[in-house]
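Student: The structure's right below; bear with me while I get my questions together.
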Amino acid sequence: MSIKQPRIYLCSQSPRRRELLKQIGVNYEMLLLRNDPRRSVSVDETPETNEDPVEYVQRICHAKAQAGWDALLYRNLPPFPVLAADTTVTIAGQIIGKPRDHAHATEILRTLSGCQHQVLTAVAISFENRTEMRLSTTNVKFATLDDGRIHRYLLGNEAHDKAGAYGIQGYAGAFVERIEGSYTGVMGLPLCETVELLKLYGYPAL
């Protein structure tokens with residue numbers, strides 16, 4: 001079913017995802033998953049025991065898209081497609097989430113130093129009784145980082161609330177020796193896959 005007006009809801013607080021949607025001219029409104037005293041719409045992002053990183057990122061992304069659609073119905077908003085995304089970093093099959101604090105960020109960056117890791121970003125759109133999803137997988141190779149370089153990077157607080165404790169579009173872009181896959185996927189919203197999904201719902205994307 002195609003939408004009559006080209007508009008979607010973005011179920012994310014990420015400024016990078018907002019910038020990327022603007023980059024390709026997508027008309028969107030923010031749809032935040034705030035808890036309501038009468039009804040919880042938040043998504044628990046805790047990995048399940050021994051959960052595969054691909055299964056994890058897809059599960060969380062699907063849950064966010066569905067929670068966004070449920071929130072839309074609950075708030076009686078005009079029905080437009082709800083877009084959600086989730087990004088995780090993995091190395092040797094281990095899920096590397098967002099840093100809890102400065103010490104944890106240091107530990108994460110030491111783990112990524114001199115190694116290749118994967119950035120998995122799932123993107124999903126929910127509309128009516130249908131949810132479609134795509135997955136972007138990108139290999140990223142970091143240079144070897146000494147503790148001094150890690151310390152200087154973390155002084156800028158750029159690592160906060162980012163999977164893998166870095167954002168490729170910021171200062172940490174200088175850590176990247178090689179990338180194989182989607183740059184925008186590493187940023188948090190793979191544009192090729194996003195446009196593919198939007199077209200499935202009749203959105204006039206590029």
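All residue names refer to the structure tokens as shown: chains lettered A, B, ... in order, residues numbered from 1 in each chain, ligands numbered from 1 in order.
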Give me, as a PyMOL selection string, all polymer residues having an atom no more than 6 Å from stretch 115-130 of chain A, counting only C-alpha atoms and skipping those fewer than 2 positions away in the same chain.

Tutor: chain A and resi 58+65+81-91+112-113+132-142+185-186

Student: Go ahead and save the residues from that selection, with C-alpha atoms, as a PDB file, in the first residue's frame.

Tutor:
ATOM      1  CA  GLN A  58      17.674  -7.412  13.892  1.00  0.00           C
ATOM      2  CA  ALA A  65       9.887  -0.251  14.686  1.00  0.00           C
ATOM      3  CA  PRO A  81       5.387   4.603   8.045  1.00  0.00           C
ATOM      4  CA  VAL A  82       7.649   4.363  11.099  1.00  0.00           C
ATOM      5  CA  LEU A  83      11.368   3.970  10.456  1.00  0.00           C
ATOM      6  CA  ALA A  84      13.697   2.579  13.109  1.00  0.00           C
ATOM      7  CA  ALA A  85      17.318   1.478  13.075  1.00  0.00           C
ATOM      8  CA  ASP A  86      19.811  -0.147  15.383  1.00  0.00           C
ATOM      9  CA  THR A  87      23.591  -0.379  15.167  1.00  0.00           C
ATOM     10  CA  THR A  88      25.966  -2.705  16.935  1.00  0.00           C
ATOM     11  CA  VAL A  89      29.683  -3.355  16.708  1.00  0.00           C
ATOM     12  CA  THR A  90      31.001  -6.891  16.839  1.00  0.00           C
ATOM     13  CA  ILE A  91      34.459  -8.423  16.925  1.00  0.00           C
ATOM     14  CA  LEU A 112      39.335  -2.429  18.451  1.00  0.00           C
ATOM     15  CA  SER A 113      42.888  -1.102  18.142  1.00  0.00           C
ATOM     16  CA  GLU A 132      10.104  -4.856   6.454  1.00  0.00           C
ATOM     17  CA  MET A 133      13.773  -4.886   7.444  1.00  0.00           C
ATOM     18  CA  ARG A 134      17.209  -4.763   5.834  1.00  0.00           C
ATOM     19  CA  LEU A 135      20.669  -5.376   7.281  1.00  0.00           C
ATOM     20  CA  SER A 136      23.927  -3.605   6.437  1.00  0.00           C
ATOM     21  CA  THR A 137      27.235  -5.294   7.319  1.00  0.00           C
ATOM     22  CA  THR A 138      30.464  -3.295   7.082  1.00  0.00           C
ATOM     23  CA  ASN A 139      34.028  -4.334   7.876  1.00  0.00           C
ATOM     24  CA  VAL A 140      36.134  -1.627   9.514  1.00  0.00           C
ATOM     25  CA  LYS A 141      39.889  -1.877  10.160  1.00  0.00           C
ATOM     26  CA  PHE A 142      41.336   0.352  12.890  1.00  0.00           C
ATOM     27  CA  GLY A 185      25.706   2.135   7.701  1.00  0.00           C
ATOM     28  CA  VAL A 186      28.582   2.747  10.101  1.00  0.00           C
TER      29      VAL A 186
END

Student: Residues within 10 Å of A:Ala165, please, as JSON, numbers by chain. Count only C-alpha atoms; anything in the same chain fewer than 6 positions from it doesn't count.

Tutor: {"A": [89, 96, 97, 98, 99, 100, 101, 102, 104, 105, 106, 107, 108, 109, 112, 154, 157, 158, 159, 172]}

Student: Tell me, counting only C-alpha atoms, for each residue of stretch 93-193 of chain A within 8 Å of stretch 15-22 of chain A, which pair of atoms is nearest and how far apart they are in Å to one decimal, in rows ordered by chain and increasing number, as JSON lines.

Tutor:
{"residue": "A:Thr184", "atom": "CA", "partner": "A:Leu20", "partner_atom": "CA", "distance": 7.8}
{"residue": "A:Met187", "atom": "CA", "partner": "A:Arg16", "partner_atom": "CA", "distance": 6.7}
{"residue": "A:Gly188", "atom": "CA", "partner": "A:Arg17", "partner_atom": "CA", "distance": 6.3}
{"residue": "A:Leu189", "atom": "CA", "partner": "A:Arg17", "partner_atom": "CA", "distance": 5.8}
{"residue": "A:Leu191", "atom": "CA", "partner": "A:Leu20", "partner_atom": "CA", "distance": 7.5}

Student: Can you pull out every residue from stretch 161-192 of chain A that DSSP, working from the backbone, puts in helix (DSSP H, G or I), and format the result as a VMD selection string?

Tutor: chain A and resid 163 to 165 171 to 175 183 to 187 191 to 192

Student: Pull C-alpha atoms from the residues just selected and write them as a short mmCIF file (atom, residue, chain, number, x, y, z; two decimals), in the first residue's frame.

Tutor:
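Generated output (out_23.cif):
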data_model
loop_
_atom_site.label_atom_id
_atom_site.label_comp_id
_atom_site.auth_asym_id
_atom_site.auth_seq_id
_atom_site.Cartn_x
_atom_site.Cartn_y
_atom_site.Cartn_z
CA ALA A 163 28.17 1.56 19.68
CA GLY A 164 31.84 0.67 19.75
CA ALA A 165 32.64 3.95 21.55
CA TYR A 171 37.48 12.58 15.08
CA ALA A 172 37.52 8.79 15.15
CA GLY A 173 37.41 8.81 11.36
CA ALA A 174 41.19 9.20 11.65
CA PHE A 175 41.36 5.75 13.31
CA TYR A 183 29.92 4.28 5.29
CA THR A 184 26.41 5.51 6.12
CA GLY A 185 25.71 2.14 7.70
CA VAL A 186 28.58 2.75 10.10
CA MET A 187 27.09 6.18 10.82
CA LEU A 191 21.06 4.90 2.88
CA CYS A 192 20.95 2.34 0.09
#

Student: Using 9 Å as the limit and counting only C-alpha atoms, can you tabulate each residue of stretch 58-143 of chain A that touches stretch 44-48 of chain A, with its shortest atom-to-atom distance in Å and the two atoms involved, as a Markdown table?

Tutor:
| residue | atom | partner | partner_atom | distance |
| --- | --- | --- | --- | --- |
| A:Ile60 | CA | A:Glu45 | CA | 6.4 |
| A:Ala63 | CA | A:Asp44 | CA | 8.9 |
| A:Ile95 | CA | A:Pro47 | CA | 8.2 |

Student: What is the distance between atom CA of A:Gly181 and atom CA of A:Gln23, in Å to one decimal?

Tutor: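 Computing it gives 19.1 Å between the two atoms.
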
Student: What does the distance from atom CA of A:Met30 to atom CA of A:Ile8 come to in Å, to one decimal?

Tutor: 8.8 Å

Student: Mind the document's chain letters and residue numbers, and return as a PyMOL selection string the residues of stretch 30-177 of chain A that DSSP labels strand (DSSP E or B).

Tutor: chain A and resi 30+36+39+82-91+94-96+116-127+130-142+176-177

Student: Write out, as a PDB file, in the first residue's frame, the residues just selected, with C-alpha atoms.

Tutor:
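Okay, this is what ended up in selection.pdb:
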ATOM      1  CA  MET A  30      10.444  12.580  15.205  1.00  0.00           C
ATOM      2  CA  ASP A  36       3.779   6.618  29.505  1.00  0.00           C
ATOM      3  CA  ARG A  39       1.789   1.991  29.085  1.00  0.00           C
ATOM      4  CA  VAL A  82       7.649   4.363  11.099  1.00  0.00           C
ATOM      5  CA  LEU A  83      11.368   3.970  10.456  1.00  0.00           C
ATOM      6  CA  ALA A  84      13.697   2.579  13.109  1.00  0.00           C
ATOM      7  CA  ALA A  85      17.318   1.478  13.075  1.00  0.00           C
ATOM      8  CA  ASP A  86      19.811  -0.147  15.383  1.00  0.00           C
ATOM      9  CA  THR A  87      23.591  -0.379  15.167  1.00  0.00           C
ATOM     10  CA  THR A  88      25.966  -2.705  16.935  1.00  0.00           C
ATOM     11  CA  VAL A  89      29.683  -3.355  16.708  1.00  0.00           C
ATOM     12  CA  THR A  90      31.001  -6.891  16.839  1.00  0.00           C
ATOM     13  CA  ILE A  91      34.459  -8.423  16.925  1.00  0.00           C
ATOM     14  CA  GLN A  94      31.201 -10.613  20.539  1.00  0.00           C
ATOM     15  CA  ILE A  95      28.657  -7.796  20.787  1.00  0.00           C
ATOM     16  CA  ILE A  96      30.340  -4.523  21.685  1.00  0.00           C
ATOM     17  CA  GLN A 116      39.111  -5.475  11.980  1.00  0.00           C
ATOM     18  CA  HIS A 117      35.587  -5.372  13.374  1.00  0.00           C
ATOM     19  CA  GLN A 118      32.109  -5.411  11.904  1.00  0.00           C
ATOM     20  CA  VAL A 119      29.442  -2.754  12.151  1.00  0.00           C
ATOM     21  CA  LEU A 120      25.943  -4.157  11.800  1.00  0.00           C
ATOM     22  CA  THR A 121      23.075  -1.756  11.190  1.00  0.00           C
ATOM     23  CA  ALA A 122      19.530  -3.001  10.775  1.00  0.00           C
ATOM     24  CA  VAL A 123      16.856  -0.651   9.468  1.00  0.00           C
ATOM     25  CA  ALA A 124      13.129  -1.415   9.534  1.00  0.00           C
ATOM     26  CA  ILE A 125       9.880   0.248   8.545  1.00  0.00           C
ATOM     27  CA  SER A 126       6.524  -0.589  10.121  1.00  0.00           C
ATOM     28  CA  PHE A 127       3.240   0.454   8.558  1.00  0.00           C
ATOM     29  CA  ARG A 130       3.620  -4.962   7.851  1.00  0.00           C
ATOM     30  CA  THR A 131       7.251  -4.604   8.947  1.00  0.00           C
ATOM     31  CA  GLU A 132      10.104  -4.856   6.454  1.00  0.00           C
ATOM     32  CA  MET A 133      13.773  -4.886   7.444  1.00  0.00           C
ATOM     33  CA  ARG A 134      17.209  -4.763   5.834  1.00  0.00           C
ATOM     34  CA  LEU A 135      20.669  -5.376   7.281  1.00  0.00           C
ATOM     35  CA  SER A 136      23.927  -3.605   6.437  1.00  0.00           C
ATOM     36  CA  THR A 137      27.235  -5.294   7.319  1.00  0.00           C
ATOM     37  CA  THR A 138      30.464  -3.295   7.082  1.00  0.00           C
ATOM     38  CA  ASN A 139      34.028  -4.334   7.876  1.00  0.00           C
ATOM     39  CA  VAL A 140      36.134  -1.627   9.514  1.00  0.00           C
ATOM     40  CA  LYS A 141      39.889  -1.877  10.160  1.00  0.00           C
ATOM     41  CA  PHE A 142      41.336   0.352  12.890  1.00  0.00           C
ATOM     42  CA  VAL A 176      39.995   3.986  10.229  1.00  0.00           C
ATOM     43  CA  GLU A 177      42.572   2.402   7.940  1.00  0.00           C
TER      44      GLU A 177
END
